[in-house]
Amino acid sequence: MLLSIKNLHASINGKEILKGVNLEVNKGEVHAIMGPNGTGKSTLASVIAGRDVFDVTEGSVLYKGKNLLALPVEARASEGIFLGFQYPVEIPGVSMTNFMRTAVNEQRKYKGLDPLPAGEFLRLMEEKKKMVEITAKLANRSVNEGFSGGEKKKNEIFQMAMLEPTLSILDETDSGLDIDALRIVANGVNKLRSPENATVVITHYQRLLDYIVPDFVHVLFEGKIVKSGGKELALELEEKGYEWIKDAVI
Amino acid sequence: MRSDTTDFPLKNTLINNFVEHGKDIFTNNKESIIDIRKQAYTKFIEQGLPTQKLEAWRNTDLTAVYNEEYDHYYTQSNVIKDIDSVFQCNIPHLNTTMIALLNGWYVYKDVPLKTMADGTIIGSLAEAMKVYPEIFDKYYAKYATSKDDGFIALNTAMAQDGFFIYVPDNVQVKKPIQIVNVIDYDKNIFLQTRNLIVLGKNAELTLVHCDDSYNHQKCLCNTVSEIVQDENSYLDHYKMQNVNNNSTLINSSYFYMKNNARLTTNGMSLNGGILRNNNHITIDGEGCETNVYGLYLMDKKQHIDNQVFIDHAKPNSLSNELFKGIMDDTASGVFNGHVLVRRDAQKTNAFQRNKNILLTDKAKVNSKPFLEIYADDVKCSHGATVGQLDTEAMFYIRSRGISEDSARMLLMYAFCDEIIQKITVEPLKHRLEDMVKKRLRGELSVCAQCVLHCSHPEKEYNFEIDLSKI
């Protein structure tokens, strides 16, 4: 078992958002989490990644058998968790090269490895850029600064490619993408899939799942996973709308 | 806690010294200079040392500084013991013409004033007063007027030396001129230096001005510089401040610009006890462009006070101000930016920004950008921010596996980078990148190449000066 979430409750400023989430993810699997706005999808992603504005009030999260909630954000990343942000943050003054080199080398340090030599690092960057079809010169640009919506999302997948995570959580990676960018982003994710890693895709449209085909689909509603199924569940949701879930639950 | 009196003993000491040491102060001065000194002396008696009662000094309290005892001296031989104690500033690949001040006096090996191959005159202000009276009649004490506060009058009355640079018409000085201003004295010291820089028509100059101290002694340094730019001249000016935590620098620069003159002045305040920078810029011409930048990194109990006054007196000019600072521990800061656009100064563009990051609850900044506009066809803006490090960005960076400390470093450096990137002299830019990184890591004081070693006072330093450069 790669990730095991049991009865997870989380709140922000005293307001409970997650109200008992249960989820299990194994290596080699792709899970999709769907659901209407404001039901806690992004909160779930943030809590797994370690965002400290959320208080976990109950439940447990085990990752590779370890208590994930006890680890700081950066240790979770070094353990192989990657969060693809819904709104990637612009960081003026920090170049992509500097950012990625620091990230790669700090993760290597965590694993007891020496820093990657500069030449090797630059070759790695070029290789991964090609993989996610980034043609623009990234190296000297500041992280996400002045990037279009599509470029920002591609940049998330590029970082994922660079860091080679074991568990990737992609939060609304499809939002704001045109169909070409969506295809590129999905291709990147598919190329990175392996029997050794797992992906959790958060979305509220079925569209993305035409490109990234999930093994499991879960519906998150009012802070709980209320329905799980195979990929056909996404199609059913698309057809019947979330009202159907509301009616079924209430 | 505001003082209600300007009658500090220091004031009386200074007034008495003027009378007692008049003979030394007036050495080699022409009648006209002596007149200027006497008038300024009268003005100083009236104004006294500035206190928080003055609006421009509201947030900077010098009471403790005034109450210290200092050595005062009016002849060079008392304070220049060993000229070799001035260091060779080591900026890799920066090929400069270097001149040096030690404890306020110009130091030299052969001649106190020299004319370069291109006609540029560089040297001691005291010597230049003697040799070029016509230049002093025209420019000296014409811009740094005594109306502002007592420090200006005091400096005009009593400052004896400093540096003098005169770039004739149509001369583009190829190599940057670097001024190293070193304070190295074994007791508390009160220093006053006076500088004059004149750029003729179409003249161009890059000037790097470094203030450094070599020990822990308290010092109060009152420096006044007058910088005159004739038509179509270009000055690229850098001011580096890296002095010990017991130092108080009062640094007043008066820039005067004529038609189509261009000025960039960039102040980097890396360390110091109390740093006060007055930038007073008079744009008395059309088509002028002026950029005023500042970066300050303060911690412990340090205090920085940047005052910028830009007087747009003529139409069609541009001024652009950007000051950024990071304050740690209980450090405090002041930014007062005042842009005056006079009735005739139509089509003025004036922009003012001050951004601050406070790393603790106890650090503070008083920021007051201020526009005073009497013309109706202008484009002006101002803004100030005081905030913490962006928590969204912190989370984003850490989520990639970067530790909290490294993430903070990345964000702080990125914040400073905007100012550092304005430096056009590449070797200086790289040097500053390095120094700012070290400063942010708290390692500046152990930098082998940096003169600042205040955390290692026991360590002996041998300073070398390359005398061929003087």
# chains A, B, ... in the order shown; residues from 1 in each chain; ligands from 1

$ interface_residues --of "chain B" --to "chain A" --cutoff "10 Å" --atoms "only C-alpha atoms" --output "number ranges by chain"
B: 390-404, 406-407, 410-418, 421

$ write_last_selection --atoms "C-alpha atoms" --output "PDB file, in the first residue's frame"
ATOM      1  CA  ASP B 390       4.733  35.347   0.909  1.00  0.00           C
ATOM      2  CA  THR B 391       3.343  32.221   2.609  1.00  0.00           C
ATOM      3  CA  GLU B 392       1.919  30.862  -0.667  1.00  0.00           C
ATOM      4  CA  ALA B 393       5.354  31.067  -2.240  1.00  0.00           C
ATOM      5  CA  MET B 394       6.960  29.504   0.840  1.00  0.00           C
ATOM      6  CA  PHE B 395       4.622  26.519   0.591  1.00  0.00           C
ATOM      7  CA  TYR B 396       5.157  26.206  -3.144  1.00  0.00           C
ATOM      8  CA  ILE B 397       8.947  26.154  -2.785  1.00  0.00           C
ATOM      9  CA  ARG B 398       8.936  23.763   0.174  1.00  0.00           C
ATOM     10  CA  SER B 399       6.543  21.427  -1.634  1.00  0.00           C
ATOM     11  CA  ARG B 400       9.407  20.798  -4.070  1.00  0.00           C
ATOM     12  CA  GLY B 401      11.603  19.470  -1.282  1.00  0.00           C
ATOM     13  CA  ILE B 402      13.419  22.692  -0.431  1.00  0.00           C
ATOM     14  CA  SER B 403      13.926  23.270   3.294  1.00  0.00           C
ATOM     15  CA  GLU B 404      12.229  26.139   5.076  1.00  0.00           C
ATOM     16  CA  SER B 406      16.500  27.637   1.926  1.00  0.00           C
ATOM     17  CA  ALA B 407      13.019  28.710   0.854  1.00  0.00           C
ATOM     18  CA  LEU B 410      15.421  32.119  -2.050  1.00  0.00           C
ATOM     19  CA  LEU B 411      12.537  34.500  -1.425  1.00  0.00           C
ATOM     20  CA  MET B 412      14.624  37.119   0.345  1.00  0.00           C
ATOM     21  CA  TYR B 413      17.266  37.038  -2.328  1.00  0.00           C
ATOM     22  CA  ALA B 414      14.625  37.241  -5.033  1.00  0.00           C
ATOM     23  CA  PHE B 415      13.233  40.322  -3.319  1.00  0.00           C
ATOM     24  CA  CYS B 416      16.651  42.020  -3.400  1.00  0.00           C
ATOM     25  CA  ASP B 417      17.439  40.888  -6.896  1.00  0.00           C
ATOM     26  CA  GLU B 418      15.267  43.553  -8.489  1.00  0.00           C
ATOM     27  CA  GLN B 421      19.836  43.799 -11.414  1.00  0.00           C
TER      28      GLN B 421
END

$ residues_around --residues "Thr43 of chain A" --least-positions-apart "6" --cutoff "12 Å" --atoms "only C-alpha atoms" --output "list of chain:residue names"
A:Leu8, A:His9, A:Ala10, A:Ser11, A:Ile12, A:Glu16, A:Ile17, A:Leu18, A:Lys19, A:Val21, A:Asn37, A:Ala49, A:Gly50, A:Arg51, A:Asp52, A:Val53, A:Phe54, A:Asp55, A:Val56, A:Leu83, A:Phe85, A:Gln86, A:Ile169, A:Asp171, A:Ile202, A:Leu220, A:Glu222, A:Gly223, A:Lys224

$ select_by_dssp --residues "segment 5-213 of chain A" --states "helix (DSSP H, G or I)" --output "PyMOL selection string"
chain A and resi 41-49+68-70+73-78+96-110+118-131+149-163+179-192+207-210

$ residues_around --residues "Glu172 of chain A" --least-positions-apart "2" --cutoff "12 Å" --atoms "only C-alpha atoms" --output "VMD selection string"
chain A and resid 32 to 37 41 to 42 45 83 to 88 153 156 169 to 170 174 to 177 182 185 200 to 209

$ residues_around --residues "Ile184 of chain A" --least-positions-apart "3" --cutoff "12 Å" --atoms "only C-alpha atoms" --output "NGL selection string"
:A and (129-135 or 150-151 or 153-155 or 157-158 or 173-174 or 177-181 or 187-191 or 208 or 211-212)

$ select_by_dssp --residues "segment 79-148 of chain A" --states "strand (DSSP E)" --output "PyMOL selection string"
chain A and resi 81-84+91-95+142-143

$ closest_residue --among "B:Asp284, B:Glu46, B:Asp344, B:Asp24" --to "Asn12 of chain B" --atoms "only C-alpha atoms"
B:Glu46

$ residues_around --residues "Tyr63 of chain A" --least-positions-apart "3" --cutoff "10 Å" --atoms "only C-alpha atoms" --output "list of chain:residue names"
A:Met1, A:Leu2, A:Leu3, A:Ser4, A:Ile5, A:Glu24, A:Val25, A:Ile48, A:Ser60, A:Lys66, A:Asn67, A:Leu68, A:Leu69, A:Arg76, A:Glu79, A:Gly80, A:Ile81, A:Leu167

$ atom_distance --atom1 "atom CA of Arg58 of chain B" --atom2 "atom CA of Asn336 of chain B"
10.6 Å

$ closest_residue --among "B:Lys109, B:Arg343, B:Arg408, B:Lys429" --to "Met268 of chain B" --atoms "only C-alpha atoms"
B:Lys429
